[in-house]
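S.K.: Here you go, one structure.
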Amino acid sequence: MDIKSIPKTIIIVPAYNEEDSIATTLTSLMEIKNKTEKLEVCVVNDGSTDSTEEIIKEFDIVQLKLPQNLGIGGAVQTGYKYAYNHGYEIAIQFDADGQHNTKDLFELMEPIIEGEEDMVIGSRFLQKTEYKGSITRRIGIYYFYFVLKVLTKKNFTDPTSGYRAINRKVIALFAQNYPKDYPEPEVLMHLNRKKMRIKEVTANMHARQGGASSITPWKSIYYFGKVTLSILMQSIVKE
Amino acid sequence: MNITLFSFLIICFFFTIVIESVRRGILETRDSLIWIFVCVILGILSLSRKLLEIIADLLGIAYAPSLLFLFGLLSTIIMIFDLTRRISKLNRKVIHLTQEFALLKEQQQDNTSSENMIKREKKV
């Protein structure tokens with residue numbers, strides 16, 4: 001695929017205190033951005049208290065600076081609102097911590113450009129990749145895979161992956177309504193109800209380059225309860 | 001002083017605080033309605049032992065004063081639930097405002113930087 005022929009695309013990078021890794025991530029994204037004018041990078045600075053803001057300023061990209069911390073859901077949604085207001089055709093969510101690989105970017109975009117899918121997810125488990133997560137993390141991911149399988153009858157091998165590309169239709173939906181914390185599995189349920197076409201493609205992910213995971217042991221209890229409840233709620237709420 | 005009078009005085013005192021808060025604009029009239037309602041009911045019930053006993057009898061409560069507890073507990077639960085709902089609503093509003101703020105600020109910076117560019121071009 002010719003990189004110059006892509007539709008107006010935005011890469012949304014949510015960042016909260018990512019001073020260790022954001023520079024590397026942005027450098028690799030800039031390499032792609034410099035090849036085409038159609039692509040924009042937008043970092044949503046979720047009220048970082050370290051030097052993340054200054055590092056972002058050194059790059060020629062859009063920075064949306066939230067005056068206070070909203071959490072991943074609220075931060076990413078800000079990016080989707082920006083994408084919606086500025087008429088982007090494709091939005092890609094990309095982690096600031098260096099987990100995601102820009103090589104997979106076009107794999108994610110292609111089905112959307114072709115108009116085959118509404119959302120494409122970069123999955124670590126579709127085929128065997130180099131990814132090695134801790135055993136607890138894998139159990140967690142499998143648990144959500146199982147819950148979603150029961151409720152939607154579909155296979156989402158990596159329901160917690162934050163590496164996602166969506167089209168204009170879904171951008172509009174997300175700008176309107178996006179879950180607040182730990183949004184990834186919940187969103188799948190929501191889009192499935194809306195009869196959106198979702199596909200997974202294989203993505204290689206690195207272990208995080210810096211910063212701490214947002215999920216600590218105590219929080220993971222809350223995480224499981226909250227996400228399970230909201231997935232179940234999604235399956236019974238009225239539209 | 002017996003307990004009936006004592007509790008009635010406390011309720012009167014509380015009632016005055018509620019009314020005074022509304023008058024000074026600390027508490028919104030809308031929010032004060034439920035408090036005033038609770039005060040009036042508790043006031044009436046605590047003064048009239050007979051009324052309390054009649055209602056307790058109707059509900060099949062053996063020890064009449066426990067009706068006061070029931071009433072107090074129920075209204076507290078309702079109020080706390082109402083508060084949680086309001087917090088959720090406020091939370092949504094704060095998130096929305098924060099996002100709009102960030103988007104507008106970006107737009108404003110974008111405008112000033114393009115204005116500066118035009119000025120520079122004019123100078124050249």
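We name chains A, B, ... following the order of the structure tokens; residues begin at 1 in each chain, and ligands are numbered from 1 as shown.
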Counting only C-alpha atoms, what are the residues of chain B within 12 Å of chain A, and for each of them which pair of atoms is the nearest and at what distance in Å, to one decimal? Sort the table by chain and rising number, as CSV.

M.R.:
residue,atom,partner,partner_atom,distance
B:Ser88,CA,A:Lys180,CA,11.4
B:Asn91,CA,A:Leu70,CA,10.0
B:Arg92,CA,A:Lys180,CA,9.2
B:Lys93,CA,A:Gly74,CA,11.6
B:Val94,CA,A:Leu70,CA,9.3
B:Ile95,CA,A:Gly74,CA,6.7
B:His96,CA,A:Gly74,CA,8.5
B:Leu97,CA,A:Leu66,CA,10.0
B:Thr98,CA,A:Leu66,CA,6.3
B:Gln99,CA,A:Thr78,CA,5.5
B:Glu100,CA,A:Thr78,CA,8.0
B:Phe101,CA,A:Leu66,CA,7.5
B:Ala102,CA,A:Leu66,CA,5.2
B:Leu103,CA,A:Leu64,CA,6.4
B:Leu104,CA,A:Leu64,CA,9.2
B:Lys105,CA,A:Leu64,CA,7.9
B:Glu106,CA,A:Leu64,CA,6.1
B:Gln107,CA,A:Leu64,CA,9.5
B:Gln108,CA,A:Leu64,CA,11.5
B:Gln109,CA,A:Gln63,CA,10.2
B:Asp110,CA,A:Val62,CA,9.2

S.K.: Going by DSSP on the backbone, which bits of stretch 33-197 of chain A are alpha helix (DSSP H)? Write them as a PyMOL selection string, please.

M.R.: chain A and resi 33+52-57+72-85+105-113+135-152+168-176+184-193

S.K.: List the neighbours of A:Asn192 out to 12 Å using only C-alpha atoms; skip same-chain residues closer than 2 positions along the sequence, and give me the result as a ChimeraX atom specification.

M.R.: /A:118-119,148-149,151-156,170,185-190,194-199,231,234-235

S.K.: Which residues are near stretch 10-18 of chain B? Cut-off 7 Å, only C-alpha atoms, ignore same chain within fewer than 3 positions. Put them as a list of chain:residue names.

M.R.: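 Selected residues are B:Phe6, B:Ser7, B:Ser21, B:Val22, B:Ser32, B:Ile36, B:Cys39, B:Gly43.
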
S.K.: B:Ser46: which residues within 12 Å, counting only C-alpha atoms, same-chain residues fewer than 2 positions away excluded, as a PDB file with all heavy atoms, in the first residue's frame?

M.R.:
ATOM      1  N   ASN B   2     -37.568  14.663  79.560  1.00  0.00           N
ATOM      2  CA  ASN B   2     -37.697  13.306  79.019  1.00  0.00           C
ATOM      3  C   ASN B   2     -37.207  13.232  77.569  1.00  0.00           C
ATOM      4  O   ASN B   2     -36.995  14.255  76.911  1.00  0.00           O
ATOM      5  CB  ASN B   2     -39.126  12.788  79.146  1.00  0.00           C
ATOM      6  CG  ASN B   2     -40.087  13.573  78.294  1.00  0.00           C
ATOM      7  OD1 ASN B   2     -39.662  14.398  77.487  1.00  0.00           O
ATOM      8  ND2 ASN B   2     -41.368  13.352  78.480  1.00  0.00           N
ATOM      9  N   ILE B   3     -37.085  12.013  77.104  1.00  0.00           N
ATOM     10  CA  ILE B   3     -36.468  11.787  75.781  1.00  0.00           C
ATOM     11  C   ILE B   3     -37.310  12.371  74.656  1.00  0.00           C
ATOM     12  O   ILE B   3     -36.786  12.859  73.651  1.00  0.00           O
ATOM     13  CB  ILE B   3     -36.197  10.267  75.571  1.00  0.00           C
ATOM     14  CG1 ILE B   3     -35.446   9.993  74.248  1.00  0.00           C
ATOM     15  CG2 ILE B   3     -37.480   9.455  75.607  1.00  0.00           C
ATOM     16  CD1 ILE B   3     -34.051  10.507  74.232  1.00  0.00           C
ATOM     17  N   THR B   4     -38.639  12.363  74.842  1.00  0.00           N
ATOM     18  CA  THR B   4     -39.512  12.900  73.794  1.00  0.00           C
ATOM     19  C   THR B   4     -39.200  14.369  73.525  1.00  0.00           C
ATOM     20  O   THR B   4     -38.965  14.786  72.394  1.00  0.00           O
ATOM     21  CB  THR B   4     -40.990  12.787  74.245  1.00  0.00           C
ATOM     22  OG1 THR B   4     -41.193  11.520  74.834  1.00  0.00           O
ATOM     23  CG2 THR B   4     -41.923  13.004  73.091  1.00  0.00           C
ATOM     24  N   LEU B   5     -39.150  15.131  74.611  1.00  0.00           N
ATOM     25  CA  LEU B   5     -38.886  16.562  74.471  1.00  0.00           C
ATOM     26  C   LEU B   5     -37.481  16.791  73.929  1.00  0.00           C
ATOM     27  O   LEU B   5     -37.266  17.628  73.043  1.00  0.00           O
ATOM     28  CB  LEU B   5     -39.048  17.227  75.834  1.00  0.00           C
ATOM     29  CG  LEU B   5     -39.091  18.758  75.788  1.00  0.00           C
ATOM     30  CD1 LEU B   5     -40.289  19.231  74.981  1.00  0.00           C
ATOM     31  CD2 LEU B   5     -39.120  19.326  77.195  1.00  0.00           C
ATOM     32  N   PHE B   6     -36.548  15.997  74.451  1.00  0.00           N
ATOM     33  CA  PHE B   6     -35.147  16.142  74.048  1.00  0.00           C
ATOM     34  C   PHE B   6     -34.989  15.945  72.532  1.00  0.00           C
ATOM     35  O   PHE B   6     -34.392  16.770  71.846  1.00  0.00           O
ATOM     36  CB  PHE B   6     -34.301  15.118  74.815  1.00  0.00           C
ATOM     37  CG  PHE B   6     -32.844  15.200  74.497  1.00  0.00           C
ATOM     38  CD1 PHE B   6     -32.104  16.331  74.831  1.00  0.00           C
ATOM     39  CD2 PHE B   6     -32.193  14.148  73.844  1.00  0.00           C
ATOM     40  CE1 PHE B   6     -30.763  16.411  74.547  1.00  0.00           C
ATOM     41  CE2 PHE B   6     -30.847  14.230  73.545  1.00  0.00           C
ATOM     42  CZ  PHE B   6     -30.136  15.365  73.905  1.00  0.00           C
ATOM     43  N   SER B   7     -35.563  14.851  72.023  1.00  0.00           N
ATOM     44  CA  SER B   7     -35.401  14.607  70.588  1.00  0.00           C
ATOM     45  C   SER B   7     -36.136  15.670  69.777  1.00  0.00           C
ATOM     46  O   SER B   7     -35.684  16.074  68.709  1.00  0.00           O
ATOM     47  CB  SER B   7     -35.868  13.192  70.207  1.00  0.00           C
ATOM     48  OG  SER B   7     -37.021  12.851  70.896  1.00  0.00           O
ATOM     49  N   PHE B   8     -37.276  16.105  70.303  1.00  0.00           N
ATOM     50  CA  PHE B   8     -37.998  17.144  69.566  1.00  0.00           C
ATOM     51  C   PHE B   8     -37.166  18.415  69.458  1.00  0.00           C
ATOM     52  O   PHE B   8     -37.104  19.048  68.406  1.00  0.00           O
ATOM     53  CB  PHE B   8     -39.336  17.439  70.256  1.00  0.00           C
ATOM     54  CG  PHE B   8     -40.168  18.433  69.502  1.00  0.00           C
ATOM     55  CD1 PHE B   8     -40.763  18.081  68.295  1.00  0.00           C
ATOM     56  CD2 PHE B   8     -40.334  19.721  69.980  1.00  0.00           C
ATOM     57  CE1 PHE B   8     -41.507  19.008  67.585  1.00  0.00           C
ATOM     58  CE2 PHE B   8     -41.076  20.650  69.261  1.00  0.00           C
ATOM     59  CZ  PHE B   8     -41.667  20.286  68.065  1.00  0.00           C
ATOM     60  N   LEU B   9     -36.484  18.769  70.546  1.00  0.00           N
ATOM     61  CA  LEU B   9     -35.648  19.977  70.532  1.00  0.00           C
ATOM     62  C   LEU B   9     -34.505  19.835  69.525  1.00  0.00           C
ATOM     63  O   LEU B   9     -34.189  20.769  68.786  1.00  0.00           O
ATOM     64  CB  LEU B   9     -35.086  20.235  71.930  1.00  0.00           C
ATOM     65  CG  LEU B   9     -36.098  20.847  72.908  1.00  0.00           C
ATOM     66  CD1 LEU B   9     -35.442  21.076  74.265  1.00  0.00           C
ATOM     67  CD2 LEU B   9     -36.682  22.142  72.364  1.00  0.00           C
ATOM     68  N   ILE B  10     -33.905  18.640  69.527  1.00  0.00           N
ATOM     69  CA  ILE B  10     -32.807  18.418  68.568  1.00  0.00           C
ATOM     70  C   ILE B  10     -33.313  18.591  67.136  1.00  0.00           C
ATOM     71  O   ILE B  10     -32.670  19.245  66.305  1.00  0.00           O
ATOM     72  CB  ILE B  10     -32.196  17.004  68.754  1.00  0.00           C
ATOM     73  CG1 ILE B  10     -31.417  16.970  70.053  1.00  0.00           C
ATOM     74  CG2 ILE B  10     -31.287  16.641  67.585  1.00  0.00           C
ATOM     75  CD1 ILE B  10     -30.733  15.666  70.333  1.00  0.00           C
ATOM     76  N   ILE B  11     -34.487  18.013  66.869  1.00  0.00           N
ATOM     77  CA  ILE B  11     -35.043  18.116  65.518  1.00  0.00           C
ATOM     78  C   ILE B  11     -35.336  19.576  65.165  1.00  0.00           C
ATOM     79  O   ILE B  11     -35.046  20.034  64.057  1.00  0.00           O
ATOM     80  CB  ILE B  11     -36.295  17.237  65.386  1.00  0.00           C
ATOM     81  CG1 ILE B  11     -35.871  15.760  65.415  1.00  0.00           C
ATOM     82  CG2 ILE B  11     -37.049  17.534  64.104  1.00  0.00           C
ATOM     83  CD1 ILE B  11     -36.994  14.813  65.692  1.00  0.00           C
ATOM     84  N   CYS B  12     -35.885  20.327  66.136  1.00  0.00           N
ATOM     85  CA  CYS B  12     -36.159  21.755  65.902  1.00  0.00           C
ATOM     86  C   CYS B  12     -34.860  22.494  65.569  1.00  0.00           C
ATOM     87  O   CYS B  12     -34.808  23.311  64.646  1.00  0.00           O
ATOM     88  CB  CYS B  12     -36.784  22.396  67.142  1.00  0.00           C
ATOM     89  SG  CYS B  12     -38.513  22.020  67.277  1.00  0.00           S
ATOM     90  N   VAL B  38     -38.085  15.222  56.134  1.00  0.00           N
ATOM     91  CA  VAL B  38     -37.643  14.301  57.189  1.00  0.00           C
ATOM     92  C   VAL B  38     -37.814  14.936  58.570  1.00  0.00           C
ATOM     93  O   VAL B  38     -38.322  14.307  59.509  1.00  0.00           O
ATOM     94  CB  VAL B  38     -36.169  13.889  56.957  1.00  0.00           C
ATOM     95  CG1 VAL B  38     -35.610  13.168  58.174  1.00  0.00           C
ATOM     96  CG2 VAL B  38     -36.051  13.002  55.742  1.00  0.00           C
ATOM     97  N   CYS B  39     -37.426  16.208  58.682  1.00  0.00           N
ATOM     98  CA  CYS B  39     -37.543  16.908  59.962  1.00  0.00           C
ATOM     99  C   CYS B  39     -38.991  16.935  60.440  1.00  0.00           C
ATOM    100  O   CYS B  39     -39.287  16.653  61.610  1.00  0.00           O
ATOM    101  CB  CYS B  39     -37.042  18.346  59.836  1.00  0.00           C
ATOM    102  SG  CYS B  39     -35.267  18.464  59.839  1.00  0.00           S
ATOM    103  N   VAL B  40     -39.894  17.300  59.534  1.00  0.00           N
ATOM    104  CA  VAL B  40     -41.307  17.424  59.916  1.00  0.00           C
ATOM    105  C   VAL B  40     -41.850  16.073  60.382  1.00  0.00           C
ATOM    106  O   VAL B  40     -42.450  15.963  61.462  1.00  0.00           O
ATOM    107  CB  VAL B  40     -42.140  17.978  58.737  1.00  0.00           C
ATOM    108  CG1 VAL B  40     -43.634  17.902  59.055  1.00  0.00           C
ATOM    109  CG2 VAL B  40     -41.735  19.409  58.441  1.00  0.00           C
ATOM    110  N   ILE B  41     -41.603  15.032  59.600  1.00  0.00           N
ATOM    111  CA  ILE B  41     -42.109  13.703  59.965  1.00  0.00           C
ATOM    112  C   ILE B  41     -41.543  13.257  61.319  1.00  0.00           C
ATOM    113  O   ILE B  41     -42.276  12.834  62.219  1.00  0.00           O
ATOM    114  CB  ILE B  41     -41.714  12.663  58.893  1.00  0.00           C
ATOM    115  CG1 ILE B  41     -42.331  13.015  57.536  1.00  0.00           C
ATOM    116  CG2 ILE B  41     -42.119  11.259  59.331  1.00  0.00           C
ATOM    117  CD1 ILE B  41     -43.745  12.563  57.352  1.00  0.00           C
ATOM    118  N   LEU B  42     -40.208  13.384  61.461  1.00  0.00           N
ATOM    119  CA  LEU B  42     -39.581  12.975  62.728  1.00  0.00           C
ATOM    120  C   LEU B  42     -40.127  13.788  63.895  1.00  0.00           C
ATOM    121  O   LEU B  42     -40.362  13.255  64.983  1.00  0.00           O
ATOM    122  CB  LEU B  42     -38.061  13.126  62.633  1.00  0.00           C
ATOM    123  CG  LEU B  42     -37.299  11.988  61.957  1.00  0.00           C
ATOM    124  CD1 LEU B  42     -35.810  12.288  61.949  1.00  0.00           C
ATOM    125  CD2 LEU B  42     -37.564  10.662  62.663  1.00  0.00           C
ATOM    126  N   GLY B  43     -40.318  15.079  63.660  1.00  0.00           N
ATOM    127  CA  GLY B  43     -40.852  15.964  64.707  1.00  0.00           C
ATOM    128  C   GLY B  43     -42.212  15.492  65.172  1.00  0.00           C
ATOM    129  O   GLY B  43     -42.471  15.337  66.386  1.00  0.00           O
ATOM    130  N   ILE B  44     -43.102  15.246  64.217  1.00  0.00           N
ATOM    131  CA  ILE B  44     -44.459  14.805  64.558  1.00  0.00           C
ATOM    132  C   ILE B  44     -44.421  13.470  65.297  1.00  0.00           C
ATOM    133  O   ILE B  44     -45.024  13.319  66.366  1.00  0.00           O
ATOM    134  CB  ILE B  44     -45.322  14.678  63.278  1.00  0.00           C
ATOM    135  CG1 ILE B  44     -45.543  16.057  62.658  1.00  0.00           C
ATOM    136  CG2 ILE B  44     -46.666  14.036  63.611  1.00  0.00           C
ATOM    137  CD1 ILE B  44     -46.178  16.014  61.290  1.00  0.00           C
ATOM    138  N   SER B  48     -45.753  12.787  69.234  1.00  0.00           N
ATOM    139  CA  SER B  48     -46.982  12.074  69.535  1.00  0.00           C
ATOM    140  C   SER B  48     -46.739  10.581  69.625  1.00  0.00           C
ATOM    141  O   SER B  48     -46.633   9.883  68.620  1.00  0.00           O
ATOM    142  CB  SER B  48     -48.024  12.424  68.459  1.00  0.00           C
ATOM    143  OG  SER B  48     -48.787  11.308  68.157  1.00  0.00           O
ATOM    144  N   ARG B  49     -46.650  10.132  70.849  1.00  0.00           N
ATOM    145  CA  ARG B  49     -46.430   8.707  71.122  1.00  0.00           C
ATOM    146  C   ARG B  49     -47.585   7.869  70.563  1.00  0.00           C
ATOM    147  O   ARG B  49     -47.409   6.768  70.073  1.00  0.00           O
ATOM    148  CB  ARG B  49     -46.332   8.552  72.634  1.00  0.00           C
ATOM    149  CG  ARG B  49     -46.104   7.149  73.117  1.00  0.00           C
ATOM    150  CD  ARG B  49     -44.625   6.891  73.254  1.00  0.00           C
ATOM    151  NE  ARG B  49     -44.367   5.470  73.412  1.00  0.00           N
ATOM    152  CZ  ARG B  49     -43.320   4.984  74.057  1.00  0.00           C
ATOM    153  NH1 ARG B  49     -42.441   5.811  74.581  1.00  0.00           N
ATOM    154  NH2 ARG B  49     -43.142   3.688  74.154  1.00  0.00           N
ATOM    155  N   LYS B  50     -48.784   8.466  70.623  1.00  0.00           N
ATOM    156  CA  LYS B  50     -49.977   7.739  70.213  1.00  0.00           C
ATOM    157  C   LYS B  50     -49.949   7.424  68.708  1.00  0.00           C
ATOM    158  O   LYS B  50     -50.211   6.294  68.288  1.00  0.00           O
ATOM    159  CB  LYS B  50     -51.226   8.571  70.543  1.00  0.00           C
ATOM    160  CG  LYS B  50     -52.321   7.682  71.115  1.00  0.00           C
ATOM    161  CD  LYS B  50     -53.488   8.426  71.619  1.00  0.00           C
ATOM    162  CE  LYS B  50     -54.051   7.695  72.830  1.00  0.00           C
ATOM    163  NZ  LYS B  50     -54.576   8.647  73.806  1.00  0.00           N
ATOM    164  N   LEU B  51     -49.650   8.474  67.944  1.00  0.00           N
ATOM    165  CA  LEU B  51     -49.589   8.313  66.490  1.00  0.00           C
ATOM    166  C   LEU B  51     -48.557   7.243  66.127  1.00  0.00           C
ATOM    167  O   LEU B  51     -48.806   6.377  65.291  1.00  0.00           O
ATOM    168  CB  LEU B  51     -49.203   9.652  65.838  1.00  0.00           C
ATOM    169  CG  LEU B  51     -49.172   9.650  64.306  1.00  0.00           C
ATOM    170  CD1 LEU B  51     -50.582   9.446  63.750  1.00  0.00           C
ATOM    171  CD2 LEU B  51     -48.589  10.952  63.781  1.00  0.00           C
ATOM    172  N   LEU B  52     -47.435   7.320  66.822  1.00  0.00           N
ATOM    173  CA  LEU B  52     -46.352   6.369  66.596  1.00  0.00           C
ATOM    174  C   LEU B  52     -46.853   4.946  66.833  1.00  0.00           C
ATOM    175  O   LEU B  52     -46.598   4.035  66.040  1.00  0.00           O
ATOM    176  CB  LEU B  52     -45.202   6.690  67.553  1.00  0.00           C
ATOM    177  CG  LEU B  52     -43.833   6.075  67.213  1.00  0.00           C
ATOM    178  CD1 LEU B  52     -43.319   6.653  65.920  1.00  0.00           C
ATOM    179  CD2 LEU B  52     -42.856   6.340  68.338  1.00  0.00           C
ATOM    180  N   GLU B  53     -47.603   4.787  67.918  1.00  0.00           N
ATOM    181  CA  GLU B  53     -48.099   3.452  68.248  1.00  0.00           C
ATOM    182  C   GLU B  53     -49.130   2.950  67.244  1.00  0.00           C
ATOM    183  O   GLU B  53     -49.152   1.765  66.892  1.00  0.00           O
ATOM    184  CB  GLU B  53     -48.674   3.440  69.666  1.00  0.00           C
ATOM    185  CG  GLU B  53     -47.614   3.011  70.666  1.00  0.00           C
ATOM    186  CD  GLU B  53     -47.933   3.438  72.083  1.00  0.00           C
ATOM    187  OE1 GLU B  53     -49.086   3.852  72.341  1.00  0.00           O
ATOM    188  OE2 GLU B  53     -47.028   3.359  72.933  1.00  0.00           O
ATOM    189  N   ALA B  64     -42.848   0.219  69.401  1.00  0.00           N
ATOM    190  CA  ALA B  64     -43.170   1.395  68.592  1.00  0.00           C
ATOM    191  C   ALA B  64     -41.987   2.308  68.260  1.00  0.00           C
ATOM    192  O   ALA B  64     -41.827   2.696  67.104  1.00  0.00           O
ATOM    193  CB  ALA B  64     -44.286   2.189  69.250  1.00  0.00           C
ATOM    194  N   PRO B  65     -41.138   2.665  69.237  1.00  0.00           N
ATOM    195  CA  PRO B  65     -40.045   3.606  68.905  1.00  0.00           C
ATOM    196  C   PRO B  65     -39.116   3.098  67.803  1.00  0.00           C
ATOM    197  O   PRO B  65     -38.430   3.897  67.161  1.00  0.00           O
ATOM    198  CB  PRO B  65     -39.300   3.740  70.222  1.00  0.00           C
ATOM    199  CG  PRO B  65     -40.332   3.494  71.253  1.00  0.00           C
ATOM    200  CD  PRO B  65     -41.209   2.421  70.692  1.00  0.00           C
ATOM    201  N   SER B  66     -39.083   1.783  67.587  1.00  0.00           N
ATOM    202  CA  SER B  66     -38.187   1.307  66.520  1.00  0.00           C
ATOM    203  C   SER B  66     -38.673   1.762  65.150  1.00  0.00           C
ATOM    204  O   SER B  66     -37.927   1.752  64.169  1.00  0.00           O
ATOM    205  CB  SER B  66     -38.048  -0.212  66.557  1.00  0.00           C
ATOM    206  OG  SER B  66     -39.302  -0.802  66.383  1.00  0.00           O
ATOM    207  N   LEU B  67     -39.923   2.200  65.096  1.00  0.00           N
ATOM    208  CA  LEU B  67     -40.434   2.786  63.851  1.00  0.00           C
ATOM    209  C   LEU B  67     -39.635   4.032  63.493  1.00  0.00           C
ATOM    210  O   LEU B  67     -39.356   4.304  62.320  1.00  0.00           O
ATOM    211  CB  LEU B  67     -41.917   3.151  64.022  1.00  0.00           C
ATOM    212  CG  LEU B  67     -42.613   3.689  62.784  1.00  0.00           C
ATOM    213  CD1 LEU B  67     -42.702   2.622  61.713  1.00  0.00           C
ATOM    214  CD2 LEU B  67     -43.995   4.193  63.128  1.00  0.00           C
ATOM    215  N   LEU B  68     -39.238   4.778  64.528  1.00  0.00           N
ATOM    216  CA  LEU B  68     -38.415   5.977  64.304  1.00  0.00           C
ATOM    217  C   LEU B  68     -37.089   5.591  63.638  1.00  0.00           C
ATOM    218  O   LEU B  68     -36.644   6.255  62.712  1.00  0.00           O
ATOM    219  CB  LEU B  68     -38.127   6.667  65.640  1.00  0.00           C
ATOM    220  CG  LEU B  68     -39.256   7.474  66.262  1.00  0.00           C
ATOM    221  CD1 LEU B  68     -38.783   8.083  67.571  1.00  0.00           C
ATOM    222  CD2 LEU B  68     -39.703   8.577  65.312  1.00  0.00           C
ATOM    223  N   PHE B  69     -36.503   4.497  64.148  1.00  0.00           N
ATOM    224  CA  PHE B  69     -35.240   4.042  63.566  1.00  0.00           C
ATOM    225  C   PHE B  69     -35.429   3.653  62.099  1.00  0.00           C
ATOM    226  O   PHE B  69     -34.638   4.008  61.246  1.00  0.00           O
ATOM    227  CB  PHE B  69     -34.697   2.843  64.345  1.00  0.00           C
ATOM    228  CG  PHE B  69     -34.116   3.227  65.656  1.00  0.00           C
ATOM    229  CD1 PHE B  69     -34.827   3.025  66.831  1.00  0.00           C
ATOM    230  CD2 PHE B  69     -32.868   3.820  65.731  1.00  0.00           C
ATOM    231  CE1 PHE B  69     -34.301   3.395  68.046  1.00  0.00           C
ATOM    232  CE2 PHE B  69     -32.338   4.188  66.945  1.00  0.00           C
ATOM    233  CZ  PHE B  69     -33.056   3.984  68.113  1.00  0.00           C
ATOM    234  N   PHE B  71     -37.667   4.639  60.032  1.00  0.00           N
ATOM    235  CA  PHE B  71     -37.859   5.820  59.213  1.00  0.00           C
ATOM    236  C   PHE B  71     -36.538   6.563  58.969  1.00  0.00           C
ATOM    237  O   PHE B  71     -36.216   6.941  57.843  1.00  0.00           O
ATOM    238  CB  PHE B  71     -38.873   6.754  59.876  1.00  0.00           C
ATOM    239  CG  PHE B  71     -39.169   7.949  59.051  1.00  0.00           C
ATOM    240  CD1 PHE B  71     -39.958   7.852  57.915  1.00  0.00           C
ATOM    241  CD2 PHE B  71     -38.634   9.182  59.394  1.00  0.00           C
ATOM    242  CE1 PHE B  71     -40.206   8.975  57.145  1.00  0.00           C
ATOM    243  CE2 PHE B  71     -38.887  10.296  58.622  1.00  0.00           C
ATOM    244  CZ  PHE B  71     -39.674  10.187  57.497  1.00  0.00           C
ATOM    245  N   GLY B  72     -35.781   6.707  60.088  1.00  0.00           N
ATOM    246  CA  GLY B  72     -34.489   7.391  59.975  1.00  0.00           C
ATOM    247  C   GLY B  72     -33.557   6.665  59.023  1.00  0.00           C
ATOM    248  O   GLY B  72     -32.942   7.269  58.136  1.00  0.00           O
TER     249      GLY B  72
END

S.K.: Rounded to one decimal, what separation in Å do you get between atom CA of A:Ala165 and atom CA of A:Thr24?

M.R.: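 Between these atoms lies a distance of 21.1 Å.
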
S.K.: Residues near A:Arg164, anyone? I mean within 8 Å using only C-alpha atoms, not counting same-chain ones fewer than 2 positions away, as number ranges by chain.

M.R.: A: 92-94, 108, 119-122, 161-162, 166

S.K.: Residues at most 12 Å from A:Ala96, counting only C-alpha atoms, excluding those fewer than 5 positions away in the same chain, as an NGL selection string?

M.R.: :A and (11-29 or 41-46 or 52 or 56 or 72 or 76 or 101-102 or 162-163 or 208-213)

S.K.: Have a look at atom CA of A:Ala91 and atom CA of A:Leu39 and let me know their distance in Å, one decimal.

M.R.: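 Interatomic distance, atom CA of A:Ala91 to atom CA of A:Leu39: 9.8 Å.
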
S.K.: Between atom CA of A:Ile171 and atom CA of A:Ile10, what is the distance in Å, rounded to a tenth?

M.R.: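 Result for atom CA of A:Ile171 versus atom CA of A:Ile10: 10.9 Å, one decimal.
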